[in-house]
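The structure file entry_6.tsv is reproduced below (TSV, C-alpha atoms).
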chain	number	residue	atom	x	y	z
K	1	MET	CA	-4.68	-1.75	11.26
K	2	ASP	CA	-1.26	-3.42	11.19
K	3	ASN	CA	0.04	-0.90	8.69
K	4	ALA	CA	-1.37	2.02	10.67
K	5	LEU	CA	0.31	0.79	13.86
K	6	GLY	CA	3.61	0.13	12.09
K	7	MET	CA	3.52	3.54	10.45
K	8	SER	CA	2.75	5.26	13.76
K	9	VAL	CA	5.68	3.52	15.44
K	10	GLY	CA	7.97	4.57	12.59
K	11	VAL	CA	6.81	8.18	12.63
K	12	THR	CA	7.02	8.37	16.43
K	13	PHE	CA	10.59	7.10	16.41
K	14	VAL	CA	11.70	9.47	13.66
K	15	LEU	CA	9.93	12.48	15.17
K	16	LEU	CA	11.26	11.77	18.65
K	17	GLY	CA	14.80	11.14	17.41
K	18	SER	CA	14.98	14.15	15.14
K	19	ASN	CA	13.38	16.45	17.72
K	20	ILE	CA	15.90	15.33	20.37
K	21	ILE	CA	18.94	15.78	18.13
K	22	ILE	CA	17.77	19.07	16.61
K	23	SER	CA	16.84	20.49	19.98
K	24	ALA	CA	20.17	19.41	21.46
K	25	ILE	CA	22.27	21.00	18.71
K	26	ARG	CA	19.94	23.91	17.96
K	27	LYS	CA	22.48	26.48	19.18
K	28	ILE	CA	25.29	25.37	16.85
K	29	ILE	CA	23.20	25.03	13.66
K	30	PRO	CA	23.90	28.00	11.37
K	31	ASN	CA	20.58	29.58	10.56
K	32	ILE	CA	21.14	29.76	6.81
K	33	VAL	CA	21.67	26.00	6.29
K	34	ARG	CA	19.25	24.76	8.95
K	35	ILE	CA	16.75	23.14	6.56
K	36	PRO	CA	19.35	20.90	4.82
K	37	ILE	CA	20.69	19.90	8.27
K	38	PHE	CA	17.19	19.04	9.50
K	39	ILE	CA	16.55	17.01	6.36
K	40	VAL	CA	19.76	15.01	6.76
K	41	ILE	CA	19.04	14.28	10.44
K	42	ILE	CA	15.48	13.19	9.62
K	43	ALA	CA	16.61	11.07	6.67
K	44	THR	CA	19.17	9.34	8.90
K	45	PHE	CA	16.50	8.34	11.41
K	46	VAL	CA	14.26	7.16	8.57
K	47	THR	CA	17.10	4.97	7.33
K	48	VAL	CA	17.44	3.50	10.83
K	49	VAL	CA	13.70	2.75	10.95
K	50	ASN	CA	13.87	1.18	7.50
K	51	LEU	CA	16.76	-1.11	8.41
K	52	VAL	CA	15.17	-2.12	11.73
K	53	PHE	CA	11.78	-2.87	10.14
K	54	HIS	CA	13.45	-4.78	7.32
K	55	ALA	CA	15.39	-6.92	9.78
K	56	TYR	CA	12.80	-7.62	12.48
K	57	VAL	CA	9.33	-7.23	10.89
K	58	PRO	CA	9.88	-8.09	7.20
K	59	ALA	CA	6.16	-8.69	6.53
K	60	LEU	CA	5.24	-5.22	7.81
K	61	TYR	CA	8.18	-3.74	5.89
K	62	GLU	CA	6.85	-5.30	2.69
K	63	SER	CA	3.29	-4.11	3.18
K	64	LEU	CA	4.31	-0.56	4.09
K	65	GLY	CA	6.47	-0.54	0.96
K	66	ILE	CA	7.35	2.88	-0.37
K	67	TYR	CA	5.54	4.71	2.43
K	68	LEU	CA	8.13	3.79	5.05
K	69	PRO	CA	11.06	5.61	3.39
K	70	LEU	CA	8.67	8.45	2.57
K	71	ILE	CA	8.45	9.32	6.28
K	72	ALA	CA	11.55	11.35	5.39
K	73	VAL	CA	9.42	13.90	3.54
K	74	ASN	CA	6.53	13.81	5.99
K	75	CYS	CA	5.60	17.44	6.49
K	76	ILE	CA	4.83	16.87	10.18
K	77	ILE	CA	8.41	15.98	11.05
K	78	LEU	CA	10.14	18.82	9.21
K	79	GLY	CA	7.37	21.12	10.40
K	80	ARG	CA	7.95	20.28	14.07
K	81	ALA	CA	11.74	20.52	13.63
K	82	GLU	CA	11.42	23.98	12.13
K	83	ALA	CA	8.59	25.31	14.25
K	84	TYR	CA	9.36	23.77	17.63
K	85	ALA	CA	12.53	21.73	18.19
K	86	SER	CA	14.86	24.32	16.72
K	87	LYS	CA	13.62	26.94	19.20
K	88	ASN	CA	12.85	25.06	22.42
K	89	PRO	CA	14.78	23.10	25.09
K	90	LEU	CA	15.25	19.34	24.98
K	91	LEU	CA	12.52	18.18	27.38
K	92	HIS	CA	9.90	20.41	25.80
K	93	SER	CA	10.82	19.07	22.38
K	94	ILE	CA	10.46	15.48	23.59
K	95	ALA	CA	7.02	16.26	24.98
K	96	ASP	CA	6.08	17.98	21.75
K	97	ALA	CA	7.22	14.98	19.68
K	98	LEU	CA	5.23	12.56	21.87
K	99	GLY	CA	2.09	14.70	21.73
K	100	ILE	CA	2.22	15.10	17.96
K	101	SER	CA	2.92	11.38	17.50
K	102	ILE	CA	-0.05	10.37	19.63
K	103	GLY	CA	-2.31	12.68	17.64
K	104	PHE	CA	-0.98	11.28	14.40
K	105	MET	CA	-1.46	7.71	15.64
K	106	LEU	CA	-5.05	8.42	16.72
K	107	ALA	CA	-5.95	9.87	13.34
K	108	LEU	CA	-4.32	6.98	11.52
K	109	LEU	CA	-5.98	4.37	13.75
K	110	ILE	CA	-9.46	5.89	13.37
K	111	ILE	CA	-9.18	5.82	9.57
K	112	ALA	CA	-7.61	2.33	9.55
K	113	PHE	CA	-10.26	0.96	11.93
K	114	LEU	CA	-13.13	2.31	9.83
K	115	ARG	CA	-11.58	1.30	6.52
K	116	GLU	CA	-10.82	-2.25	7.61
K	117	THR	CA	-14.13	-2.80	9.42
K	118	LEU	CA	-16.29	-1.39	6.63
K	119	GLY	CA	-14.15	-2.67	3.78
K	120	THR	CA	-13.67	-6.28	4.90
K	121	GLY	CA	-16.39	-6.68	7.55
K	122	SER	CA	-13.89	-7.91	10.12
K	123	LEU	CA	-10.95	-6.59	12.11
K	124	SER	CA	-7.68	-8.31	12.85
K	125	VAL	CA	-4.54	-6.96	14.49
K	126	PHE	CA	-1.24	-8.76	13.78
K	127	GLY	CA	-2.98	-11.97	12.70
K	128	VAL	CA	-5.38	-12.07	15.66
K	129	GLU	CA	-8.96	-11.73	14.48
K	130	LEU	CA	-10.86	-9.48	16.87
K	131	PHE	CA	-14.38	-9.65	15.42
K	132	THR	CA	-16.42	-10.26	12.29
K	133	LEU	CA	-19.58	-8.28	11.71
K	134	PRO	CA	-22.68	-10.36	10.84
K	135	ILE	CA	-23.87	-8.86	7.53
K	136	LEU	CA	-20.82	-6.81	6.55
K	137	GLY	CA	-18.64	-9.91	6.90
K	138	GLU	CA	-20.42	-11.55	3.95
K	139	HIS	CA	-20.99	-8.42	1.92
K	140	PRO	CA	-18.19	-5.97	2.74
K	141	ILE	CA	-18.22	-2.47	1.21
K	142	ALA	CA	-15.10	-3.04	-0.82
K	143	VAL	CA	-14.71	0.60	-1.86
K	144	PHE	CA	-13.38	1.46	1.60
K	145	ILE	CA	-10.35	-0.77	1.07
K	146	LEU	CA	-9.71	0.84	-2.33
K	147	PRO	CA	-7.90	4.22	-2.48
K	148	PRO	CA	-11.07	6.32	-3.08
K	149	GLY	CA	-12.49	4.98	0.19
K	150	ALA	CA	-9.71	6.75	2.07
K	151	PHE	CA	-10.65	10.10	0.50
K	152	LEU	CA	-14.34	9.47	1.25
K	153	LEU	CA	-13.70	8.64	4.91
K	154	MET	CA	-11.31	11.54	5.42
K	155	GLY	CA	-13.75	13.99	3.87
K	156	LEU	CA	-16.66	12.71	5.98
K	157	LEU	CA	-14.61	12.60	9.20
K	158	LEU	CA	-13.30	16.11	8.63
K	159	ALA	CA	-16.83	17.41	8.05
K	160	LEU	CA	-18.08	15.54	11.13
K	161	PHE	CA	-15.31	16.91	13.35
K	162	ARG	CA	-16.04	20.40	12.09
K	163	ARG	CA	-19.75	19.96	12.74
K	164	LEU	CA	-18.98	18.80	16.28
K	165	GLY	CA	-16.59	21.71	16.72
K	166	VAL	CA	-13.57	19.50	17.48
K	167	ILE	CA	-11.55	21.31	14.79
K	168	LYS	CA	-12.09	24.68	13.25
K	169	GLY	CA	-12.76	25.12	9.54
K	170	ASP	CA	-10.64	27.27	7.30
F	171	MET	CA	9.05	0.19	-26.70
F	172	THR	CA	5.77	-1.48	-25.62
F	173	ASN	CA	7.36	-1.91	-22.22
F	174	LEU	CA	8.00	1.82	-21.96
F	175	ILE	CA	4.45	2.68	-23.02
F	176	THR	CA	3.07	0.23	-20.47
F	177	ILE	CA	5.14	1.81	-17.69
F	178	PHE	CA	4.12	5.31	-18.80
F	179	LEU	CA	0.38	4.55	-18.89
F	180	SER	CA	0.53	2.57	-15.68
F	181	MET	CA	2.16	5.47	-13.84
F	182	ALA	CA	-0.01	8.19	-15.41
F	183	LEU	CA	-3.43	6.57	-15.16
F	184	ILE	CA	-3.66	3.22	-13.39
F	185	ASN	CA	-1.32	3.87	-10.47
F	186	ASN	CA	-1.89	7.60	-10.50
F	187	PHE	CA	0.35	9.28	-7.94
F	188	ILE	CA	-2.35	11.35	-6.29
F	189	LEU	CA	-5.49	9.26	-6.52
F	190	VAL	CA	-4.11	5.75	-6.07
F	191	ARG	CA	-0.77	6.12	-4.28
F	192	PHE	CA	-1.66	9.19	-2.18
F	193	LEU	CA	1.65	10.84	-3.06
F	194	GLY	CA	1.91	14.62	-3.43
F	195	LEU	CA	-1.32	15.28	-1.59
F	196	CYS	CA	-0.11	18.56	-0.05
F	197	PRO	CA	0.21	20.41	-3.37
F	198	PHE	CA	-2.87	18.56	-4.62
F	199	PHE	CA	-5.09	20.15	-1.98
F	200	GLY	CA	-3.00	23.28	-1.49
F	201	VAL	CA	-2.51	24.46	-5.06
F	202	SER	CA	-5.68	23.16	-6.74
F	203	LYS	CA	-7.80	26.21	-6.05
F	204	LYS	CA	-6.81	28.04	-9.24
F	205	LEU	CA	-6.32	26.50	-12.65
F	206	SER	CA	-3.26	28.58	-13.62
F	207	ASN	CA	-1.39	27.78	-10.39
F	208	ALA	CA	-2.23	24.11	-10.76
F	209	LEU	CA	-0.75	24.04	-14.24
F	210	SER	CA	2.48	25.78	-13.13
F	211	MET	CA	2.83	23.45	-10.16
F	212	GLY	CA	2.26	20.37	-12.33
F	213	VAL	CA	4.86	21.49	-14.85
F	214	ALA	CA	7.42	22.30	-12.12
F	215	VAL	CA	6.91	18.93	-10.40
F	216	THR	CA	7.15	17.04	-13.68
F	217	LEU	CA	10.37	18.89	-14.53
F	218	VAL	CA	11.97	18.21	-11.13
F	219	MET	CA	10.80	14.59	-11.23
F	220	PHE	CA	12.43	14.09	-14.61
F	221	ILE	CA	15.77	15.67	-13.64
F	222	ALA	CA	15.79	13.95	-10.24
F	223	THR	CA	15.10	10.60	-11.88
F	224	VAL	CA	18.03	10.94	-14.27
F	225	ALA	CA	20.38	12.19	-11.54
F	226	THR	CA	19.45	9.56	-8.95
F	227	TRP	CA	19.57	6.80	-11.56
F	228	ILE	CA	23.16	7.71	-12.41
F	229	ILE	CA	24.12	7.95	-8.72
F	230	ASN	CA	22.39	4.69	-7.92
F	231	ARG	CA	23.95	2.83	-10.84
F	232	TYR	CA	27.51	4.13	-10.64
F	233	ILE	CA	28.01	4.98	-6.95
F	234	LEU	CA	25.54	3.26	-4.62
F	235	ILE	CA	25.44	-0.18	-6.25
F	236	PRO	CA	29.21	-0.62	-6.94
F	237	PHE	CA	30.06	0.39	-3.36
F	238	GLU	CA	27.15	-1.63	-1.92
F	239	VAL	CA	25.73	1.26	0.07
F	240	GLU	CA	22.16	1.07	-1.29
F	241	TYR	CA	20.80	1.41	2.25
F	242	MET	CA	21.96	5.03	2.15
F	243	HIS	CA	19.59	5.87	-0.70
F	244	ILE	CA	17.05	7.83	1.36
F	245	VAL	CA	19.64	10.31	2.66
F	246	ILE	CA	21.43	10.62	-0.68
F	247	TYR	CA	18.24	11.01	-2.73
F	248	ILE	CA	16.89	13.73	-0.48
F	249	LEU	CA	20.12	15.67	-0.71
F	250	VAL	CA	20.22	15.26	-4.49
F	251	ILE	CA	16.59	16.40	-4.82
F	252	ALA	CA	17.13	19.37	-2.50
F	253	SER	CA	20.18	20.58	-4.42
F	254	LEU	CA	18.51	19.95	-7.79
F	255	VAL	CA	15.52	22.02	-6.77
F	256	GLN	CA	17.92	24.83	-5.84
F	257	ILE	CA	19.66	24.60	-9.22
F	258	VAL	CA	16.37	24.46	-11.14
F	259	GLU	CA	15.16	27.44	-9.13
F	260	MET	CA	18.29	29.46	-10.01
F	261	ALA	CA	18.14	28.40	-13.66
F	262	ILE	CA	14.48	29.39	-14.03
F	263	LYS	CA	15.15	32.69	-12.26
F	264	ARG	CA	17.93	33.55	-14.71
F	265	THR	CA	16.23	32.41	-17.90
F	266	ASN	CA	12.51	32.99	-17.39
F	267	LEU	CA	11.56	35.48	-14.73
F	268	THR	CA	7.83	35.33	-15.55
F	269	LEU	CA	7.69	31.59	-14.94
F	270	TYR	CA	9.76	32.03	-11.78
F	271	ASN	CA	7.28	34.56	-10.37
F	272	ALA	CA	4.32	32.39	-11.39
F	273	LEU	CA	5.71	29.37	-9.51
F	274	GLY	CA	6.65	31.44	-6.45
F	275	ILE	CA	6.85	29.55	-3.17
F	276	TYR	CA	5.85	26.23	-4.73
F	277	LEU	CA	9.22	25.76	-6.37
F	278	PRO	CA	11.36	25.38	-3.18
F	279	LEU	CA	8.57	23.35	-1.59
F	280	ILE	CA	8.97	20.64	-4.23
F	281	THR	CA	11.95	19.40	-2.15
F	282	THR	CA	9.56	17.95	0.41
F	283	ASN	CA	7.07	16.71	-2.16
F	284	CYS	CA	6.62	12.99	-1.56
F	285	ALA	CA	5.90	12.42	-5.25
F	286	VAL	CA	9.46	13.39	-6.23
F	287	LEU	CA	11.18	11.24	-3.60
F	288	GLY	CA	8.56	8.57	-4.33
F	289	ILE	CA	9.41	8.33	-8.01
F	290	THR	CA	13.14	7.96	-7.34
F	291	LEU	CA	12.48	5.26	-4.73
F	292	ILE	CA	10.08	3.43	-7.08
F	293	ASN	CA	12.74	3.46	-9.81
F	294	ALA	CA	15.33	2.12	-7.37
F	295	THR	CA	13.15	-0.69	-5.96
F	296	GLU	CA	11.88	-1.75	-9.39
F	297	ALA	CA	15.49	-1.69	-10.69
F	298	TYR	CA	14.38	0.10	-13.86
F	299	SER	CA	16.82	0.87	-16.68
F	300	LEU	CA	17.44	4.51	-17.58
F	301	SER	CA	14.80	4.61	-20.34
F	302	GLU	CA	12.26	2.81	-18.13
F	303	SER	CA	12.97	5.24	-15.28
F	304	ILE	CA	12.41	8.19	-17.58
F	305	ALA	CA	9.13	6.71	-18.87
F	306	CYS	CA	8.12	6.12	-15.25
F	307	SER	CA	8.95	9.67	-14.14
F	308	LEU	CA	7.25	11.32	-17.14
F	309	GLY	CA	4.18	9.14	-16.63
F	310	GLY	CA	4.08	10.00	-12.94
F	311	GLY	CA	4.58	13.72	-13.59
F	312	ILE	CA	2.02	13.95	-16.36
F	313	GLY	CA	-0.52	11.93	-14.36
F	314	PHE	CA	0.08	14.28	-11.42
F	315	THR	CA	-0.41	17.36	-13.62
F	316	LEU	CA	-3.52	15.90	-15.23
F	317	VAL	CA	-5.25	15.20	-11.93
F	318	LEU	CA	-4.16	18.57	-10.50
F	319	ILE	CA	-5.68	20.38	-13.48
F	320	MET	CA	-8.91	18.35	-13.36
F	321	MET	CA	-9.23	19.00	-9.66
F	322	SER	CA	-8.62	22.75	-9.94
F	323	GLY	CA	-11.20	23.00	-12.72
F	324	ILE	CA	-13.75	21.31	-10.47
F	325	ARG	CA	-12.79	23.35	-7.41
F	326	GLU	CA	-13.17	26.65	-9.24
F	327	LYS	CA	-16.81	25.66	-9.85
F	328	LEU	CA	-17.22	24.22	-6.33
F	329	GLU	CA	-16.56	27.68	-4.88
F	330	PHE	CA	-20.00	28.72	-6.10
F	331	ALA	CA	-21.77	25.51	-5.05
F	332	ASP	CA	-24.09	25.66	-2.07
F	333	SER	CA	-22.47	22.98	0.08
F	334	PRO	CA	-23.26	22.58	3.81
F	335	ARG	CA	-21.15	24.84	6.06
F	336	SER	CA	-19.10	22.09	7.67
F	337	MET	CA	-18.44	20.51	4.26
F	338	LYS	CA	-17.06	23.68	2.65
F	339	GLY	CA	-13.46	23.73	1.49
F	340	LEU	CA	-11.33	20.70	2.27
F	341	PRO	CA	-14.04	18.06	3.04
F	342	VAL	CA	-15.81	18.69	-0.23
F	343	ALA	CA	-12.44	18.63	-2.02
F	344	LEU	CA	-11.73	15.23	-0.44
F	345	LEU	CA	-15.08	13.88	-1.63
F	346	THR	CA	-14.33	15.23	-5.12
F	347	ALA	CA	-10.99	13.41	-4.98
F	348	MET	CA	-12.92	10.24	-4.10
F	349	LEU	CA	-15.12	10.58	-7.18
F	350	LEU	CA	-12.07	11.26	-9.37
F	351	GLY	CA	-10.36	8.24	-7.80
F	352	LEU	CA	-13.36	6.02	-8.55
F	353	THR	CA	-13.32	7.03	-12.21
F	354	PHE	CA	-9.57	6.41	-12.39
F	355	LEU	CA	-10.14	2.89	-11.05
F	356	GLY	CA	-11.78	2.25	-14.41
F	357	PHE	CA	-8.36	2.51	-16.08
F	358	GLY	CA	-7.35	-0.62	-14.17
F	359	GLY	CA	-8.58	-2.83	-17.01
F	360	MET	CA	-6.41	-1.12	-19.61
F	361	ILE	CA	-3.31	-3.26	-19.21

Whole structure given in structure tokens:
Amino acid sequence: MDNALGMSVGVTFVLLGSNIIISAIRKIIPNIVRIPIFIVIIATFVTVVNLVFHAYVPALYESLGIYLPLIAVNCIILGRAEAYASKNPLLHSIADALGISIGFMLALLIIAFLRETLGTGSLSVFGVELFTLPILGEHPIAVFILPPGAFLLMGLLLALFRRLGVIKGD
Amino acid sequence: MTNLITIFLSMALINNFILVRFLGLCPFFGVSKKLSNALSMGVAVTLVMFIATVATWIINRYILIPFEVEYMHIVIYILVIASLVQIVEMAIKRTNLTLYNALGIYLPLITTNCAVLGITLINATEAYSLSESIACSLGGGIGFTLVLIMMSGIREKLEFADSPRSMKGLPVALLTAMLLGLTFLGFGGMI
């Protein structure tokens, strides 16, 4: 859960920052070199997030490891820069960034909640233990903490959401 | 030498980029529908990984570290990878047009492949020497290609399987990735 929250904060900051800047300077970016410019702006914000996390939340920085700098190549951020911020006014782009970030955070939190609860039998957020399940606490389903558990949960959640009609299939 | 083999095997099998580190998932699910495309993609990524590793190692060793600007590595690495991909694209177009057409859109998209930026960042944080970095990048690239090929082979068969309607396509691919991941966990005891 901690990692999911930290990651969401990082992504929100980068997406918001890059959307604001790109939207503000969208009229002076030459069309032919727009992608390199977007990438540099995004990478700059990722560097800021990295330095801030390293300085103020070193434990979180350590546990996020390589995934924190990799926000720079997160398809969502470049995708929104290209598809939305480079074509729309500032306030709209801010709203777009916030909406996308909240969706991203929700998805991340659902997966993190299920993986931590099923995989360890208890849930704790930033060192505060929220609950421990009676039977799962003693015999957790360890596979959910392991990498394959993430694929399993994502596959099942995706199928469930499709069944419920929340998202459309391809 | 043993050290290099250890790094290679660890990157290719034990800490497999796709199944254990979740890097390069977009091409993994996007390009694994046909075996031939998967192979081309794997080869292209391995090639770019290798060149990017050598280039960023030199930049890191002789520019970033002496001037103490290591915190700039994300920006610099992305720029290096983006320009390298352009150069590789031009070189392939001039020398081998068939390969260029086979790779198509996937070649420029390697710029935003997390596996490529990931390998350069891993090399930087682990402070690997040049030979270790190369072993690491080849291991990562070959492990990536291996899993991509395995997955596309399975998905070609899955097309004909009678899976429930809401499971068709991506969900069933994710569950397949889980099974592959579970088998790859078995390599954990190798080293």

The residue from K:Phe13, K:Phe38, K:Phe104, K:Phe131 with the smallest atom-to-atom distance to Leu249 (chain F), counting only C-alpha atoms, is K:Phe38

When you draw a straight line from CA of Val125 (chain K) to CA of Met1 (chain K), how long is it in Å?
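So the two atoms, CA of Val125 (chain K) and CA of Met1 (chain K), lie 6.1 Å apart.
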
| said: Set the cut-off to 8 Å and count all atoms listed in the file: what are the residues of chain K that reach chain F? Output as JSON, numbers by chain. | reply: {"K": [36, 39, 40, 43, 44, 46, 47, 51, 66, 69, 70, 72, 73, 74, 75, 147, 148, 149, 150, 151, 152, 154, 155, 156, 158, 159, 160, 162, 163, 169, 170]}

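One finds CA of Leu277 (chain F) at 26.2 Å from CA of Asn19 (chain K).
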
*Go ahead and compute the interatomic distance for CA of Thr315 (chain F) and CA of Gly212 (chain F), in Å to one decimal.*
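Result for CA of Thr315 (chain F) versus CA of Gly212 (chain F): 4.2 Å, one decimal.
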
Polymer residues at most 10 Å from Arg231 (chain F), only C-alpha atoms, same-chain spacing of 2 or more positions, as a PyMOL selection string = chain F and resi 226-229+233-237+240+294+297+299-300

Of F:Ile280, F:Cys306, F:Leu205, F:Ala222, the one nearest to Asn173 (chain F) when counting all atoms listed in the file is F:Cys306
